[in-house]
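Some notes on the structure that comes next.
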Amino acid sequence: MINLVQHDEARVAAFRDNSTHGRRADIPLENQKSCFTVLVGIGNPPTYYNLLVDTGSAVTWVGANKAYEKTASSFVTPWEVVIPTIIYRILFTDVLTFDDTFTTEMKIAVASDYDEGMIYNGVLGIGPTGLSAGSVKNHPEIELETITQRLFDTGSISQPLVGIFFQPSSRDGNDGGILNFGEPNTAFYTDDIAYTPVTTIFPASMFWGFEQRITYGTTEILLTGFGIVDCGSTYNYLASNAYENYRVETGANFDSRTNFLSITPERYDALLPLEFHIGGINGLDGGVYLAVKNLNTPVGRGDDFRLGYVFLQRFYAVFDIAGSRVGFSKTPFTDATTN
């Protein structure tokens with residue numbers, strides 16, 4: 001978990017802000033070592049589910065590894081939802097409870113079957129609302145509210161945005177995270193947040209996508225590219241050209257046993273910073289080395305990179321619906337050598 005004192009201080013601030021201004025809600029996350037999950041109560045009385053926090057989707061659903069329990073607050077809709085990896089998705093309206101701090105009513109999908117490899121009970125989708133377009137079967141005009149938009153529309157938070165803080169994994173278990181709904185929480189980042197607009201280049205424009213270039217040391221490995229930040233992905237992915245540039249510069253070899261790039265101890269000691277230049281943000285260096293995989297697509301198709309869980313363990317990120325922008329700042333763990 002995150003530092004307990006820090007967590008309690010954040011909760012005190014959340015209660016104070018929510019009671020006086022409705023500004024922010026801070027929700028703790030659990031590190032699953034490949035993703036982060038949030039404990040959500042659904043129904044009245046609530047049944048608790050561990051949901052994957054996913055910026056790459058906009059639908060919230062439950063039913064994986066744990067059945068959905070109907071209660072007096074559960075209302076079935078006549079709609080079916082189409083979501084990859086799960087089967088027979090009926091849409092319900094129900095009450096969601098977060099960290100016993102606040103509740104809200106919203107629409108959720110319920111699965112009757114799912115990918116058995118999942119380690120969670122469903123997904124909390126916090127991607128752009130437009131990602132849900134086409135999700136309701138035979139109703140392409142319907143977009144489902146994300147939890148961020150729902151909290152804003154009901155007056156629970158002051159702005160339709162969410163900040164994410166992921167702490168790097170550590171052996172002592174002190175490695176949780178936080179969702180900050182409504183406004184960024186200054187307790188979790190160290191610099192001013194630098195924002196960049198969501199790109200208009202497809203398909204990155206469908207997600208929290210933006211333009212960036214990437215350098216290894218002083219060498220450009222991606223001159224200009226468009227891609228996304230996706231906390232539902234574990235690793236960082238680069239288009240094939242950029243991936244090969246990175247492999248050559250690091251002197252790495254592809255290890256077919258693990259499907260990762262591998263380097264010798266000598267080359268590890270000589271590694272240079274891998275830096276992300278995002279919009280007006282120069283040189284976000286998170287020490288993210290060799291947690292890089294190949295997208296197997298060429299540069300120039302609007303899917304040039306995906307920055308995942310290992311990236312977000314080094315930077316605080318803000319996803320702003322109203323501003324159609326993404327922001328980043330360094331954290332106390334940007335240069336950490338854990339994980």
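In the structure tokens, chains take letters A, B, ... by order of appearance, with residues numbered from 1 within each chain and ligands from 1 in the order shown.
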**Asked** Which parts of segment 116-286 of chain A does DSSP call strand (DSSP E or B) when run on the backbone here, written out as a VMD selection string?
**Response** chain A and resid 122 to 125 136 161 to 166 177 to 181 194 to 197 209 to 216 219 to 229 236 to 238 253 to 255 260 to 262 274 to 278 281 to 285
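Neighbouring residues of segment 304-306 of chain A at 8 Å or closer, counting only C-alpha atoms and skipping chain neighbours under 2 positions away, are Gly225, Phe226, Gly227, Ile228, Val229, Asp230, Ser233, Asn236, Tyr237, Leu238, Ala239, Leu295, Thr297, Pro298, Val299, Gly300, Arg301, Gly302 and Gly308 of chain A.
A straight line drawn from atom CA of Val292 of chain A to atom CA of Phe210 of chain A is 18.6 Å long.
Among A:Val53, A:Ala336, A:Leu96, A:Ile90, the residue with the shortest atom-to-atom distance to Ala109 of chain A, counting only C-alpha atoms, is A:Ile90.
Closest approach to Leu161 of chain A from the set A:Leu290, A:Leu271, A:Val76, A:Ile126 is made by A:Ile126, with distances taken over only C-alpha atoms.
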**Fill in**
Counting only C-alpha atoms, the residue among A:His139, A:Lys33, A:His277, A:Arg213 that lies closest to Trp79 of chain A is A:His139
**Request:** Would you list the contacts of segment 34-38 of chain A as a PyMOL selection string, taking every protein, DNA or RNA residue within 12 Å and counting only C-alpha atoms, but skipping same-chain residues closer than 3 positions in sequence?
**Result:** chain A and resi 1+26-31+41+48-55+60+96-99+118-125+164-169+175-179+230-235+291+308-313+339
Set out as a tab-separated table a contact list for segment 184-262 of chain A and segment 319-333 of chain A with a cut-off of 10 Å, giving each residue of segment 184-262 of chain A that qualifies its closest atom pair and distance in Å to one decimal, counting only C-alpha atoms, ordered by chain and rising residue number.
```
residue	atom	partner	partner_atom	distance
A:Pro184	CA	A:Phe319	CA	9.7
A:Thr186	CA	A:Thr331	CA	9.9
A:Ala187	CA	A:Thr331	CA	9.3
A:Phe188	CA	A:Thr331	CA	6.3
A:Tyr189	CA	A:Thr331	CA	4.4
A:Thr190	CA	A:Thr331	CA	5.2
A:Asp191	CA	A:Ser329	CA	5.6
A:Asp192	CA	A:Ser329	CA	6.3
A:Ile193	CA	A:Ser329	CA	4.8
A:Ala194	CA	A:Gly327	CA	5.2
A:Tyr195	CA	A:Gly327	CA	4.0
A:Thr196	CA	A:Val326	CA	5.5
A:Pro197	CA	A:Arg325	CA	4.2
A:Val198	CA	A:Arg325	CA	4.9
A:Thr199	CA	A:Arg325	CA	8.6
A:Trp208	CA	A:Val326	CA	6.9
A:Gly209	CA	A:Val326	CA	8.1
A:Phe210	CA	A:Val326	CA	7.8
A:Ile228	CA	A:Val326	CA	10.0
A:Val229	CA	A:Val326	CA	9.1
```
Selected residues written out with C-alpha atoms, as a PDB file, in the first residue's frame:
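Below is the file that was written, result.pdb:
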```
ATOM      1  CA  PRO A 184      -4.968  16.785  -9.190  1.00  0.00           C
ATOM      2  CA  THR A 186      -0.385  17.992  -5.073  1.00  0.00           C
ATOM      3  CA  ALA A 187       0.661  15.404  -2.474  1.00  0.00           C
ATOM      4  CA  PHE A 188       1.575  13.018  -5.286  1.00  0.00           C
ATOM      5  CA  TYR A 189       3.630  15.065  -7.770  1.00  0.00           C
ATOM      6  CA  THR A 190       6.667  17.320  -7.495  1.00  0.00           C
ATOM      7  CA  ASP A 191       6.643  19.659 -10.533  1.00  0.00           C
ATOM      8  CA  ASP A 192       4.013  21.741 -12.278  1.00  0.00           C
ATOM      9  CA  ILE A 193       1.781  19.566 -14.442  1.00  0.00           C
ATOM     10  CA  ALA A 194       2.576  20.079 -18.123  1.00  0.00           C
ATOM     11  CA  TYR A 195      -0.367  19.459 -20.441  1.00  0.00           C
ATOM     12  CA  THR A 196      -0.549  18.437 -24.075  1.00  0.00           C
ATOM     13  CA  PRO A 197      -3.733  18.258 -26.197  1.00  0.00           C
ATOM     14  CA  VAL A 198      -5.309  14.996 -27.235  1.00  0.00           C
ATOM     15  CA  THR A 199      -4.219  14.457 -30.824  1.00  0.00           C
ATOM     16  CA  TRP A 208      -5.867   9.501 -24.390  1.00  0.00           C
ATOM     17  CA  GLY A 209      -3.523   9.988 -27.352  1.00  0.00           C
ATOM     18  CA  PHE A 210      -0.905  12.644 -28.025  1.00  0.00           C
ATOM     19  CA  ILE A 228      -1.500   6.657 -26.244  1.00  0.00           C
ATOM     20  CA  VAL A 229      -0.969   6.261 -22.531  1.00  0.00           C
TER      21      VAL A 229
END
```
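All residues of protein, DNA or RNA that reach within 8 Å of segment 127-136 of chain A, judged by only C-alpha atoms and not counting those fewer than 5 positions away in the chain, are Asp54, Thr55, Gly56, Ser57, Ala58, Val59, Trp79, Glu80, Val81, Val82, Ile83, Glu141, Ile142, Glu143, Leu144, Glu145, Thr146, Gln149, Met206, Phe207, Trp208 and Ile321 of chain A.
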**Complete:** Separating atom CA of Tyr243 of chain A from atom CA of Glu266 of chain A, to the nearest tenth of an Å, is a gap of 21.1 Å
**Request:** Can you work out which one of A:Thr148, A:Asn138, A:Asn294, A:Thr77 has the shortest atom-to-atom distance to Asn180 of chain A, counting only C-alpha atoms?
**Result:** A:Thr148
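As for atom CA of Ser73 of chain A and atom CA of Leu39 of chain A, they are spaced 18.6 Å apart.
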**Prompt:** Taking only C-alpha atoms into account, which of A:Tyr268, A:Glu275, A:Val162, A:Lys293 comes nearest Phe254 of chain A?
**Reply:** A:Lys293
**Request:** Do a neighbour search on Arg150 of chain A at 10 Å with only C-alpha atoms, toss out local chain neighbours closer than 3 positions, and write the hits as a PyMOL selection string.
**Result:** chain A and resi 104-107+144-147+153-157+160
